[in-house]
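So this one's model-v9.txt, compact mmCIF, C-alpha atoms and all ligand atoms:
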```
# COMPACT_ATOMS: atom_id res chain seq x y z
CA MET B 1 196.24 85.92 110.83
CA HIS B 2 196.92 87.14 107.33
CA ILE B 3 200.45 86.77 106.05
CA ASN B 4 201.86 88.67 103.13
CA TYR B 5 204.01 86.15 101.43
CA ASN B 6 207.03 86.99 99.45
CA PHE B 7 205.53 86.31 96.05
CA LEU B 8 208.86 85.58 94.40
CA SER B 9 210.07 83.26 97.14
CA ILE B 10 206.86 81.19 97.10
CA HIS B 11 206.86 80.92 93.32
CA LEU B 12 210.52 79.92 93.16
CA LYS B 13 209.91 77.20 95.75
CA ALA B 14 206.81 76.06 93.81
CA LEU B 15 208.78 75.99 90.58
CA ASN B 16 211.48 73.91 92.18
CA LEU B 17 208.89 71.48 93.54
CA TYR B 18 207.13 71.35 90.17
CA ARG B 19 210.33 70.18 88.44
CA PHE B 20 210.50 67.34 90.94
CA LYS B 21 206.78 66.53 91.22
CA ARG B 22 205.79 66.56 87.56
CA LYS B 23 207.31 63.08 87.11
CA TRP B 24 205.07 61.61 89.79
CA LEU B 25 202.03 61.22 87.52
CA PHE B 26 204.15 58.76 85.53
CA PHE B 27 205.07 56.61 88.57
CA THR B 28 203.57 53.12 88.69
CA THR B 29 200.32 52.67 90.64
CA ASN B 30 202.24 50.82 93.35
CA GLU B 31 204.78 53.63 93.71
CA LEU B 32 202.01 56.21 93.86
CA GLU B 33 200.17 54.29 96.57
CA ILE B 34 203.33 54.06 98.71
CA LEU B 35 203.90 57.80 98.26
CA GLN B 36 200.30 58.52 99.22
CA LEU B 37 200.41 56.23 102.27
CA ASN B 38 203.60 57.83 103.59
CA ARG B 39 202.18 61.31 103.14
CA LEU B 40 198.96 60.34 104.94
CA LYS B 41 200.93 58.88 107.85
CA LYS B 42 203.04 62.03 108.11
CA LEU B 43 199.88 64.16 108.15
CA LEU B 44 198.17 62.07 110.85
CA LEU B 45 201.28 62.15 113.03
CA GLN B 46 201.26 65.93 112.69
CA PHE B 47 197.72 66.10 114.08
CA HIS B 48 198.19 63.53 116.80
CA GLU B 49 198.31 66.13 119.55
CA ASN B 50 195.66 68.37 117.96
CA PRO B 51 192.89 69.38 120.43
CA PHE B 52 190.19 68.40 117.91
CA TYR B 53 191.74 65.74 115.69
CA GLY B 54 193.88 64.07 118.42
CA GLY B 55 190.67 62.84 120.08
CA ILE B 56 189.41 61.43 116.78
CA LEU B 57 192.64 59.51 116.21
CA GLN B 58 192.56 58.20 119.76
CA LYS B 59 188.98 57.02 119.34
CA ALA B 60 189.95 55.28 116.09
CA GLY B 61 192.74 53.47 117.94
CA LEU B 62 195.35 55.14 115.76
CA THR B 63 198.21 55.56 118.21
CA PHE B 64 201.63 56.82 117.09
CA GLN B 65 202.86 53.24 116.87
CA GLU B 66 199.78 52.01 115.04
CA ILE B 67 200.06 54.77 112.41
CA HIS B 68 203.72 53.84 111.84
CA ASN B 69 202.85 50.16 111.47
CA ILE B 70 199.80 50.21 109.17
CA ASP B 71 200.68 49.57 105.54
CA ASN B 72 197.18 49.76 104.07
CA ILE B 73 195.74 53.16 103.26
CA HIS B 74 192.16 51.90 103.15
CA GLU B 75 192.44 50.45 106.63
CA ILE B 76 193.42 53.86 107.98
CA LEU B 77 190.65 55.66 106.12
CA SER B 78 187.95 53.18 107.12
CA ARG B 79 188.69 53.94 110.78
CA LEU B 80 188.37 57.70 110.43
CA PRO B 81 185.08 59.62 110.48
CA ILE B 82 183.97 62.01 107.78
CA LEU B 83 184.68 65.68 108.43
CA THR B 84 181.72 67.92 107.70
CA LYS B 85 181.46 71.66 107.09
CA ASP B 86 179.46 71.81 110.30
CA ASP B 87 182.43 70.28 112.21
CA ILE B 88 184.62 73.02 110.77
CA HIS B 89 182.15 75.77 111.73
CA LYS B 90 182.03 74.46 115.30
CA HIS B 91 185.69 73.53 115.88
CA LYS B 92 187.68 75.78 113.57
CA GLU B 93 190.03 77.16 116.24
CA GLU B 94 190.59 73.79 117.94
CA MET B 95 191.41 72.25 114.56
CA LEU B 96 194.15 74.75 113.82
CA ASN B 97 197.70 73.46 114.31
CA LYS B 98 199.37 76.61 115.60
CA ASN B 99 202.84 75.09 115.11
CA ALA B 100 202.47 74.93 111.33
CA ARG B 101 204.69 77.30 109.39
CA GLY B 102 203.25 80.36 107.67
CA ILE B 103 199.60 79.95 108.65
CA PHE B 104 197.01 82.14 106.92
CA GLU B 105 193.24 82.27 107.03
CA ASP B 106 191.27 81.49 103.90
CA SER B 107 187.63 81.22 102.97
CA SER B 108 185.40 79.67 100.38
CA GLY B 109 181.89 80.30 99.15
CA GLY B 110 181.67 76.55 98.74
CA SER B 111 180.53 74.86 95.57
CA THR B 112 177.24 74.00 97.23
CA GLY B 113 176.35 77.31 98.83
CA THR B 114 177.94 76.60 102.20
CA PRO B 115 180.42 79.35 103.07
CA LEU B 116 183.45 78.21 105.02
CA ASN B 117 186.45 79.75 106.82
CA PHE B 118 189.59 77.69 107.44
CA TYR B 119 193.39 77.83 107.42
CA HIS B 120 196.23 77.03 105.06
CA ASP B 121 199.98 77.09 105.57
CA GLU B 122 203.12 77.69 103.54
CA THR B 123 203.65 74.00 102.69
CA TRP B 124 200.13 73.88 101.29
CA LEU B 125 200.61 77.06 99.28
CA ILE B 126 203.82 75.87 97.64
CA ASN B 127 202.33 72.45 96.88
CA MET B 128 199.13 73.97 95.53
CA ALA B 129 201.08 76.28 93.20
CA SER B 130 203.32 73.46 91.94
CA THR B 131 200.39 71.11 91.27
CA THR B 132 198.43 73.83 89.51
CA LEU B 133 201.46 74.26 87.29
CA ILE B 134 201.58 70.51 86.56
CA ASN B 135 197.93 70.69 85.60
CA ASP B 136 198.35 73.88 83.52
CA THR B 137 201.21 72.44 81.48
CA MET B 138 199.29 69.17 80.94
CA GLN B 139 196.45 71.26 79.49
CA GLY B 140 198.42 73.44 77.11
CA TRP B 141 199.66 76.39 79.15
CA TYR B 142 203.41 76.98 79.41
CA PHE B 143 205.43 79.70 81.08
CA PHE B 144 204.95 83.14 79.66
CA CYS B 145 202.47 82.10 77.01
CA PRO B 146 199.70 84.71 76.61
CA HIS B 147 196.53 83.70 78.38
CA VAL B 148 193.16 85.13 79.35
CA LYS B 149 191.31 84.51 82.58
CA LEU B 150 187.57 84.74 82.03
CA TRP B 151 186.37 84.58 85.57
CA GLY B 152 185.40 86.76 88.46
CA SER B 153 187.30 86.60 91.66
CA PRO B 154 187.17 90.09 93.22
CA LYS B 155 190.38 89.16 95.06
CA ASP B 156 192.14 88.55 91.74
CA ALA B 157 190.53 91.65 90.24
CA GLY B 158 191.74 93.76 93.19
CA GLU B 159 195.27 92.47 92.72
CA LEU B 160 195.11 93.26 89.03
CA ASP B 161 194.06 96.85 89.67
CA SER B 162 197.13 97.56 91.77
CA VAL B 163 200.34 98.81 90.15
CA SER B 164 202.21 95.62 91.10
CA GLY B 165 199.27 93.58 89.75
CA LYS B 166 199.42 95.38 86.42
CA ILE B 167 203.19 94.84 86.16
CA LEU B 168 202.78 91.17 87.05
CA ASN B 169 200.09 90.88 84.43
CA ILE B 170 202.44 92.15 81.77
CA ILE B 171 205.25 89.85 82.92
CA ARG B 172 202.87 86.88 83.07
CA ARG B 173 201.29 87.87 79.74
CA ARG B 174 197.84 87.57 81.28
CA HIS B 175 194.67 89.43 80.43
CA PHE B 176 191.65 89.41 82.72
CA CYS B 177 187.99 89.47 81.61
CA ASP B 178 185.53 89.76 84.47
CA SER B 179 182.78 87.16 84.21
CA PHE B 180 180.96 88.81 87.11
CA ASP B 181 180.29 91.63 84.68
CA MET B 182 179.10 90.36 81.31
CA PRO B 183 176.51 92.60 79.64
CA VAL B 184 176.35 92.23 75.86
CA GLU B 185 178.54 95.31 75.28
CA LYS B 186 181.19 93.75 77.52
CA LEU B 187 181.04 90.54 75.47
CA TRP B 188 181.84 92.64 72.39
CA LYS B 189 184.72 94.23 74.27
CA TYR B 190 186.07 90.91 75.59
CA HIS B 191 185.97 89.55 72.05
CA ALA B 192 187.81 92.60 70.64
CA ASP B 193 190.39 92.46 73.46
CA MET B 194 191.05 88.80 72.81
CA GLU B 195 191.33 89.28 69.04
CA LYS B 196 194.02 91.85 69.79
CA PHE B 197 195.75 89.99 72.62
CA ARG B 198 195.61 86.59 70.86
CA PRO B 199 195.73 84.32 73.94
CA VAL B 200 197.17 80.85 73.54
CA VAL B 201 194.98 79.56 76.36
CA ILE B 202 191.73 80.77 77.97
CA PHE B 203 191.01 79.80 81.58
CA SER B 204 187.31 80.15 82.33
CA TYR B 205 184.31 79.10 84.33
CA ALA B 206 182.51 76.53 82.18
CA SER B 207 179.35 78.63 81.89
CA SER B 208 181.22 81.89 81.10
CA ILE B 209 183.09 80.51 78.10
CA TYR B 210 179.87 78.77 77.05
CA ILE B 211 178.04 82.12 77.09
CA LEU B 212 180.83 83.71 75.04
CA ALA B 213 180.73 80.78 72.58
CA ASN B 214 176.98 81.16 72.16
CA PHE B 215 177.32 84.91 71.74
CA LEU B 216 179.96 84.55 69.00
CA HIS B 217 177.99 81.81 67.29
CA ALA B 218 174.78 83.88 67.36
CA HIS B 219 176.61 86.73 65.62
CA GLY B 220 178.34 84.48 63.09
CA ILE B 221 181.79 85.34 64.44
CA ASP B 222 184.73 83.01 63.93
CA PRO B 223 187.28 83.86 66.64
CA SER B 224 190.99 83.55 65.91
CA TYR B 225 191.77 82.85 69.58
CA PRO B 226 192.80 80.95 71.62
CA THR B 227 195.41 79.20 69.57
CA ARG B 228 195.94 76.15 71.77
CA SER B 229 193.31 75.30 74.39
CA ILE B 230 190.50 76.28 76.74
CA ILE B 231 190.71 75.21 80.37
CA SER B 232 187.33 74.95 82.06
CA THR B 233 187.01 74.95 85.80
CA ALA B 234 184.77 75.44 88.87
CA GLU B 235 181.62 74.01 87.32
CA CYS B 236 180.31 70.98 85.50
CA LEU B 237 181.27 70.96 81.89
CA ASP B 238 178.67 68.84 80.18
CA GLU B 239 179.22 67.31 76.76
CA GLN B 240 176.79 69.64 75.01
CA MET B 241 178.67 72.67 76.41
CA ARG B 242 182.04 71.18 75.48
CA ASP B 243 180.87 70.45 71.91
CA LYS B 244 179.57 73.97 71.44
CA ILE B 245 182.72 75.62 72.85
CA GLN B 246 185.00 73.41 70.73
CA LYS B 247 182.93 74.05 67.63
CA VAL B 248 183.17 77.84 68.03
CA PHE B 249 186.79 78.16 69.17
CA LYS B 250 188.17 75.12 67.28
CA VAL B 251 190.58 74.12 70.06
CA PRO B 252 190.33 71.32 72.64
CA VAL B 253 188.54 72.05 75.90
CA TYR B 254 190.15 70.60 79.04
CA ASP B 255 188.18 70.05 82.20
CA ARG B 256 189.67 70.33 85.66
CA TYR B 257 188.47 69.92 89.21
CA GLY B 258 189.54 71.77 92.30
CA SER B 259 188.35 73.82 95.21
CA ARG B 260 189.51 76.73 97.31
CA GLU B 261 189.81 74.46 100.34
CA VAL B 262 192.14 71.85 98.85
CA GLY B 263 193.48 73.28 95.56
CA CYS B 264 193.75 71.49 92.22
CA ILE B 265 192.45 67.93 92.55
CA GLY B 266 192.66 66.67 88.97
CA GLY B 267 192.53 67.48 85.30
CA GLU B 268 192.16 65.97 81.85
CA CYS B 269 195.15 65.17 79.69
CA GLU B 270 195.19 65.34 75.89
CA LYS B 271 193.25 62.05 75.67
CA HIS B 272 190.19 63.46 77.52
CA LYS B 273 189.36 60.13 79.13
CA GLY B 274 188.64 61.58 82.55
CA MET B 275 190.64 63.62 85.03
CA HIS B 276 194.01 62.43 86.29
CA LEU B 277 193.99 62.80 90.06
CA HIS B 278 196.98 64.44 91.74
CA ILE B 279 197.12 61.66 94.29
CA TYR B 280 200.42 62.79 95.80
CA ASP B 281 198.45 65.82 97.09
CA HIS B 282 195.05 64.31 97.85
CA ILE B 283 193.18 61.11 98.51
CA LEU B 284 189.83 61.18 96.75
CA GLU B 285 187.22 58.68 97.85
CA CYS B 286 183.85 58.13 96.24
CA ILE B 287 181.36 56.65 98.71
CA ASP B 288 177.74 55.71 99.13
CA PRO B 289 176.61 58.29 101.74
CA ARG B 290 174.16 55.84 103.35
CA SER B 291 176.52 52.92 103.87
CA GLY B 292 179.84 54.80 103.74
CA LYS B 293 181.12 52.03 101.44
CA PRO B 294 183.37 52.88 98.45
CA VAL B 295 181.67 53.21 95.05
CA ARG B 296 183.62 52.55 91.87
CA GLY B 297 182.20 53.10 88.40
CA GLY B 298 178.95 54.65 89.70
CA ALA B 299 177.91 57.96 91.21
CA GLY B 300 178.83 58.63 94.81
CA GLU B 301 179.71 61.36 97.23
CA LEU B 302 183.26 62.71 96.98
CA ILE B 303 185.34 62.69 100.17
CA ILE B 304 188.74 64.32 100.09
CA THR B 305 191.88 64.27 102.20
CA ASP B 306 194.39 67.06 101.62
CA LEU B 307 197.88 65.65 102.20
CA ASN B 308 199.64 69.03 102.30
CA ASN B 309 197.74 71.13 104.79
CA TYR B 310 199.64 70.90 108.07
CA ALA B 311 197.75 73.83 109.57
CA PHE B 312 194.24 72.44 109.27
CA PRO B 313 193.14 68.79 108.97
CA PHE B 314 191.04 68.40 105.84
CA ILE B 315 190.96 64.64 106.44
CA ARG B 316 188.05 62.71 104.91
CA TYR B 317 186.38 66.05 104.19
CA ARG B 318 182.88 66.04 102.71
CA ILE B 319 183.50 68.59 99.98
CA GLY B 320 179.86 68.69 98.87
CA ASP B 321 180.26 67.29 95.36
CA TRP B 322 179.19 64.07 93.76
CA GLY B 323 181.20 62.28 91.12
CA ILE B 324 182.12 59.07 89.36
CA LEU B 325 185.56 57.44 89.67
CA SER B 326 186.79 55.95 86.43
CA THR B 327 187.30 52.21 86.08
CA GLU B 328 189.47 52.73 82.98
CA LYS B 329 193.11 53.57 82.62
CA CYS B 330 194.37 56.33 80.35
CA ASN B 331 196.78 55.41 77.57
CA CYS B 332 198.83 58.61 77.81
CA GLY B 333 201.42 57.05 80.12
CA ARG B 334 200.22 58.71 83.32
CA ASN B 335 199.23 56.26 86.04
CA GLY B 336 197.03 56.33 89.10
CA PRO B 337 193.28 56.65 89.51
CA MET B 338 191.08 58.94 87.46
CA LEU B 339 187.89 60.85 88.08
CA LYS B 340 185.46 60.27 85.25
CA LYS B 341 183.11 63.09 86.07
CA VAL B 342 182.03 65.61 88.69
CA LEU B 343 178.27 65.80 88.94
CA GLY B 344 176.07 68.71 89.65
CA ARG B 345 178.39 71.71 89.91
CA THR B 346 175.95 73.94 88.15
CA THR B 347 175.78 77.68 88.51
CA ASP B 348 173.12 79.83 86.93
CA THR B 349 174.13 83.12 85.44
CA ILE B 350 171.93 86.06 86.47
CA THR B 351 170.81 88.56 83.82
CA THR B 352 169.96 91.80 85.62
CA LYS B 353 167.42 94.49 84.72
CA SER B 354 170.16 96.53 83.01
CA GLY B 355 171.11 93.52 80.89
CA ARG B 356 174.27 92.79 82.84
CA MET B 357 175.09 89.08 83.04
CA VAL B 358 176.52 88.13 86.41
CA HIS B 359 178.13 84.75 86.96
CA GLY B 360 176.58 82.84 89.88
CA GLU B 361 179.97 82.62 91.61
CA TYR B 362 179.61 86.33 92.42
CA PHE B 363 177.07 85.40 95.06
CA THR B 364 179.39 82.89 96.71
CA HIS B 365 182.04 85.61 96.92
CA VAL B 366 179.56 87.85 98.76
CA PHE B 367 179.67 85.28 101.56
CA TYR B 368 183.47 84.92 101.71
CA GLY B 369 184.63 85.53 105.26
CA VAL B 370 181.07 85.64 106.68
CA ASP B 371 181.21 83.25 109.61
CA GLY B 372 177.54 82.92 110.52
CA VAL B 373 176.01 81.40 107.38
CA SER B 374 175.57 77.64 107.15
CA GLN B 375 173.99 77.71 103.70
CA PHE B 376 172.46 80.10 101.23
CA GLN B 377 170.56 80.14 97.97
CA PHE B 378 170.01 83.09 95.67
CA VAL B 379 166.98 82.92 93.39
CA GLN B 380 166.12 85.27 90.54
CA GLU B 381 162.36 85.20 89.98
CA ASN B 382 162.44 87.83 87.22
CA ARG B 383 164.61 90.81 86.28
CA GLU B 384 163.27 92.88 89.15
CA HIS B 385 162.54 90.35 91.83
CA TYR B 386 165.09 88.30 93.77
CA ARG B 387 164.99 86.12 96.85
CA LEU B 388 167.89 85.24 99.12
CA PHE B 389 167.51 82.26 101.48
CA ILE B 390 169.92 82.05 104.40
CA VAL B 391 170.38 79.28 106.96
CA LYS B 392 172.21 81.08 109.74
CA ASN B 393 174.18 79.65 112.63
CA GLU B 394 175.07 80.95 116.10
CA ASN B 395 177.83 83.22 114.73
CA TYR B 396 175.48 85.26 112.57
CA GLN B 397 175.30 88.95 113.46
CA ASP B 398 172.40 91.15 112.41
CA ASP B 399 174.60 93.69 110.62
CA PHE B 400 175.76 90.94 108.21
CA THR B 401 172.40 91.23 106.44
CA LYS B 402 173.00 94.90 105.62
CA SER B 403 176.40 94.30 104.02
CA ILE B 404 175.21 91.19 102.11
CA VAL B 405 172.21 93.10 100.72
CA ARG B 406 174.45 96.06 99.80
CA GLU B 407 176.84 93.84 97.84
CA ILE B 408 174.02 92.08 96.00
CA ASN B 409 172.27 95.40 95.25
CA GLU B 410 175.49 96.61 93.64
CA VAL B 411 174.98 94.14 90.81
CA ILE B 412 171.20 93.74 90.59
CA GLY B 413 170.47 97.46 91.00
CA GLU B 414 169.07 99.40 93.98
CA ASP B 415 165.62 99.66 92.37
CA CYS B 416 165.05 95.90 92.37
CA CYS B 417 163.25 93.96 95.05
CA LEU B 418 165.49 91.69 97.11
CA GLU B 419 163.70 89.64 99.78
CA VAL B 420 165.84 88.02 102.46
CA HIS B 421 164.40 84.90 104.10
CA PHE B 422 165.98 83.17 107.08
CA VAL B 423 165.08 79.50 106.88
CA ASP B 424 165.94 76.27 108.73
CA GLU B 425 166.95 74.40 105.62
CA ILE B 426 167.25 74.76 101.88
CA PRO B 427 165.75 71.88 99.91
CA VAL B 428 167.97 70.06 97.44
CA THR B 429 167.08 69.51 93.79
CA ASN B 430 165.61 66.27 92.48
CA SER B 431 169.13 65.07 91.69
CA GLY B 432 170.07 65.53 95.34
CA LYS B 433 172.25 68.59 94.74
CA HIS B 434 172.03 71.96 96.34
CA ARG B 435 172.04 74.83 93.84
CA PHE B 436 173.21 78.10 95.25
CA THR B 437 172.04 80.27 92.37
CA ILE B 438 168.87 79.74 90.40
CA SER B 439 167.72 82.05 87.63
CA LYS B 440 164.27 81.83 86.12
CA VAL B 441 165.23 84.40 83.48
CA PRO B 442 166.51 83.06 80.15
CA ILE B 443 169.81 84.48 78.94
CA ASN B 444 169.50 86.77 75.92
CA ILE B 445 172.80 87.20 74.12
CA LYS B 446 171.47 88.44 70.80
CA SER B 447 170.47 91.95 71.75
ZN ZN G 501 195.89 60.66 80.26
```
Written as structure tokens, how would this file's structure read?
Amino acid sequence: MHINYNFLSIHLKALNLYRFKRKWLFFTTNELEILQLNRLKKLLLQFHENPFYGGILQKAGLTFQEIHNIDNIHEILSRLPILTKDDIHKHKEEMLNKNARGIFEDSSGGSTGTPLNFYHDETWLINMASTTLINDTMQGWYFFCPHVKLWGSPKDAGELDSVSGKILNIIRRRHFCDSFDMPVEKLWKYHADMEKFRPVVIFSYASSIYILANFLHAHGIDPSYPTRSIISTAECLDEQMRDKIQKVFKVPVYDRYGSREVGCIGGECEKHKGMHLHIYDHILECIDPRSGKPVRGGAGELIITDLNNYAFPFIRYRIGDWGILSTEKCNCGRNGPMLKKVLGRTTDTITTKSGRMVHGEYFTHVFYGVDGVSQFQFVQENREHYRLFIVKNENYQDDFTKSIVREINEVIGEDCCLEVHFVDEIPVTNSGKHRFTISKVPINIKS
């Protein structure tokens, strides 16, 4: 069910919505809560007849009338169960609302090594694009300002290789540096390209820009780019990384949080006091996983409700991340709750035998669209020896192994040893997080 959207039409609609929505972050907390409650009610009413979610609402006693009458968002949430990735694996087709407009299938490698297939619709796409724009402009990017993307989505890379992609790139004033392919000679090239292109903003995986910062620092290079900001995404940006990146590039680094499943969840403003949550698009809860009770000010499991996806109910979805909700308010004028920190989104970069540095996200992309994998972990023992652990489910087909191994061999090299182990579970780290890539090889950026 893939739909080729009219790129221009979607972006014009998103732009229109952006002009309207960008004021919402400045609404009062009370106004934001009313907006959020109304959007949640609308979403639940949409799924009332859903083969999967209708039963859940019925069990929770949330009849049509009851949903209309409730005026407390927490009361609704407390009556709804948590949606797990396993629920999605088992009930994906029942969960789909076939009446939604412009449905398309999407997939995610998952931040925690759990691949997932699901659906989005046109309303979601337009909202996602408009909110991303709100976040981009808050973090220093404006229309048509030159920017570099230092990341590695093969989907994006494929688009960029096409003629239309290249034209769009010129119009958007965007340059792409592939962080799935970062040997030292490529780091030299990326640096030279950026010196020439002079981006105003760099969008990057936290660890990729950190590697580039370390590389430049190690060679005593003082880059003249970017001129305004660096936007870090997809992974934890710890303070030591942020300090190093800011020291080398001499511009502020903005953190943001999002996922393929639900889009852009929040981002830092110029005060860097935590991430403003786009609460008109999502409800983000932080809970104690044992009691299910809300946690404020301390670490808890993040549970997210996407208020725009009318094709697929991401309602109280266990996204797989931990975080801390802020108890403070920002003094920039934007209201609403803030996320202080996301914990544990770490990705190791793999340095192959040939010296190529491959961002850990590459391995999540290998599993995009593979339906039979509940979890995976890729471990680099040394430059020639790798181990892939897979927890498979009933949808796994034997020929998946061949294509997964082929894609991994493309980056590690055919002459390396890749062991595939099918296991019942993958143990979490001491901090309770699952790491989907682990490298035991230190990164060498000096050679
Ligand atoms: Zn702020």
Around ligand ZN 501 (chain G), which protein and nucleic acid residues have at least one atom no more than 6 Å from it, if we count all atoms listed in the file? List them as a list in words.
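The residues near ligand ZN 501 (chain G) are Cys269, Lys271, Cys330, Asn331, Cys332 and Arg334 of chain B.
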Separation of CA of Trp151 (chain B) from CA of Glu268 (chain B), in Å and rounded to one decimal
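CA of Trp151 (chain B) sits 19.8 Å away from CA of Glu268 (chain B).
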Write out as a tab-separated table a residue-level contact list of region 52-157 of chain B versus region 175-187 of chain B with cut-off 6 Å: for each qualifying residue the closest pair of atoms and the distance in Å to one decimal, counting all atoms listed in the file, rows sorted by chain and residue number upward.
```
residue	atom	partner	partner_atom	distance
B:Val148	CA	B:His175	CA	4.7
B:Lys149	CA	B:Phe176	CA	4.9
B:Leu150	CA	B:Cys177	CA	4.8
B:Trp151	CA	B:Ser179	CA	4.6
B:Gly152	CA	B:Asp178	CA	5.0
```
The residue from B:His282, B:Lys189, B:His365, B:Arg39 with the smallest atom-to-atom distance to Ser107 (chain B), counting all atoms listed in the file, is B:His365
Separating CA of Val391 (chain B) from CA of Phe378 (chain B), to the nearest tenth of an Å, is a gap of 11.9 Å
Using only C-alpha atoms, determine which residues lie at most 12 Å from Trp188 (chain B), disregarding the query and same-chain residues fewer than 2 positions distant; provide the list as a VMD selection string.
chain B and resid 177 182 to 186 190 to 195 212 to 213 215 to 216 219 221 223 445 to 447
Restricting the calculation to all atoms listed in the file: of B:Cys417, B:Leu302, B:Ile202, B:Met128, which residue gets closest to Pro146 (chain B)?
B:Ile202
Using all atoms listed in the file, which of B:Ile438, B:Val358, B:Leu32, B:Leu44 sits nearest Ile412 (chain B)?
B:Val358
Would you pick out the contacts of region 88-105 of chain B at 9 Å or less, using all atoms listed in the file, so that residues sharing its chain but fewer than 4 positions from it are not included, and give the list as JSON, numbers by chain?
{"B": [1, 2, 3, 4, 5, 46, 47, 50, 51, 52, 53, 83, 84, 116, 117, 118, 119, 120, 121, 122, 123, 309, 310, 311, 312, 313, 371, 372, 374, 393]}
Kindly indicate which residue among B:Asn72, B:Thr364, B:Ser207, B:Thr28 lies nearest to Phe436 (chain B), using only C-alpha atoms for the distances.
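Of all the options, B:Thr364 lies closest to Phe436 (chain B).
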One decimal, in Å: what's the spacing between CA of Gly54 (chain B) and CA of Asn308 (chain B)?
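If I compute the distance from CA of Gly54 (chain B) to CA of Asn308 (chain B), I get 17.8 Å.
Between Val342 (chain B) and the residues B:Phe400, B:Tyr257, B:Trp141, B:Tyr362, the shortest atom-to-atom distance, using all atoms listed in the file, involves B:Tyr257.
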Exercise: Ile70 (chain B) partners within 12 Å, only C-alpha atoms, chain neighbours under 3 positions left out, as a PyMOL selection string:
chain B and resi 34+37-38+40-41+61-67+73-77+79
Pick the closest to Ser232 (chain B) from B:Gln139, B:Phe197, B:Ile82, B:Gly300: which is it, counting all atoms listed in the file?
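Closest to Ser232 (chain B) of all the choices is B:Gln139.
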Just want the 12 Å neighbourhood of Arg19 (chain B), counted on only C-alpha atoms, with same-chain residues fewer than 2 positions away dropped. Output as a ChimeraX atom specification.
/B:12-17,21-24,127,130-131,133-134,137
Residues within 8 Å of Gly267 (chain B), all atoms listed in the file, excluding chain neighbours under 3 positions, as a VMD selection string:
chain B and resid 135 139 254 to 257 274 to 277
Include C-alpha atoms and write out the residues we just selected as an mmCIF file, in the frame of the given file.
```cif
data_model
loop_
_atom_site.group_PDB
_atom_site.id
_atom_site.type_symbol
_atom_site.label_atom_id
_atom_site.label_comp_id
_atom_site.auth_asym_id
_atom_site.auth_seq_id
_atom_site.Cartn_x
_atom_site.Cartn_y
_atom_site.Cartn_z
ATOM 1 C CA ASN B 135 197.930 70.690 85.600
ATOM 2 C CA GLN B 139 196.450 71.260 79.490
ATOM 3 C CA TYR B 254 190.150 70.600 79.040
ATOM 4 C CA ASP B 255 188.180 70.050 82.200
ATOM 5 C CA ARG B 256 189.670 70.330 85.660
ATOM 6 C CA TYR B 257 188.470 69.920 89.210
ATOM 7 C CA GLY B 274 188.640 61.580 82.550
ATOM 8 C CA MET B 275 190.640 63.620 85.030
ATOM 9 C CA HIS B 276 194.010 62.430 86.290
ATOM 10 C CA LEU B 277 193.990 62.800 90.060
#
```
Would you compute the box with edges along x, y and z of the file around region 279-295 of chain B, including every atom the file lists for it and 5 Å extra on each side, and give its centre and edge lengths in Å to one decimal, as AutoDock Vina command-line options?
```
--center_x 187.3 --center_y 58.9 --center_z 99.1 --size_x 36.3 --size_y 23.8 --size_z 19.6
```
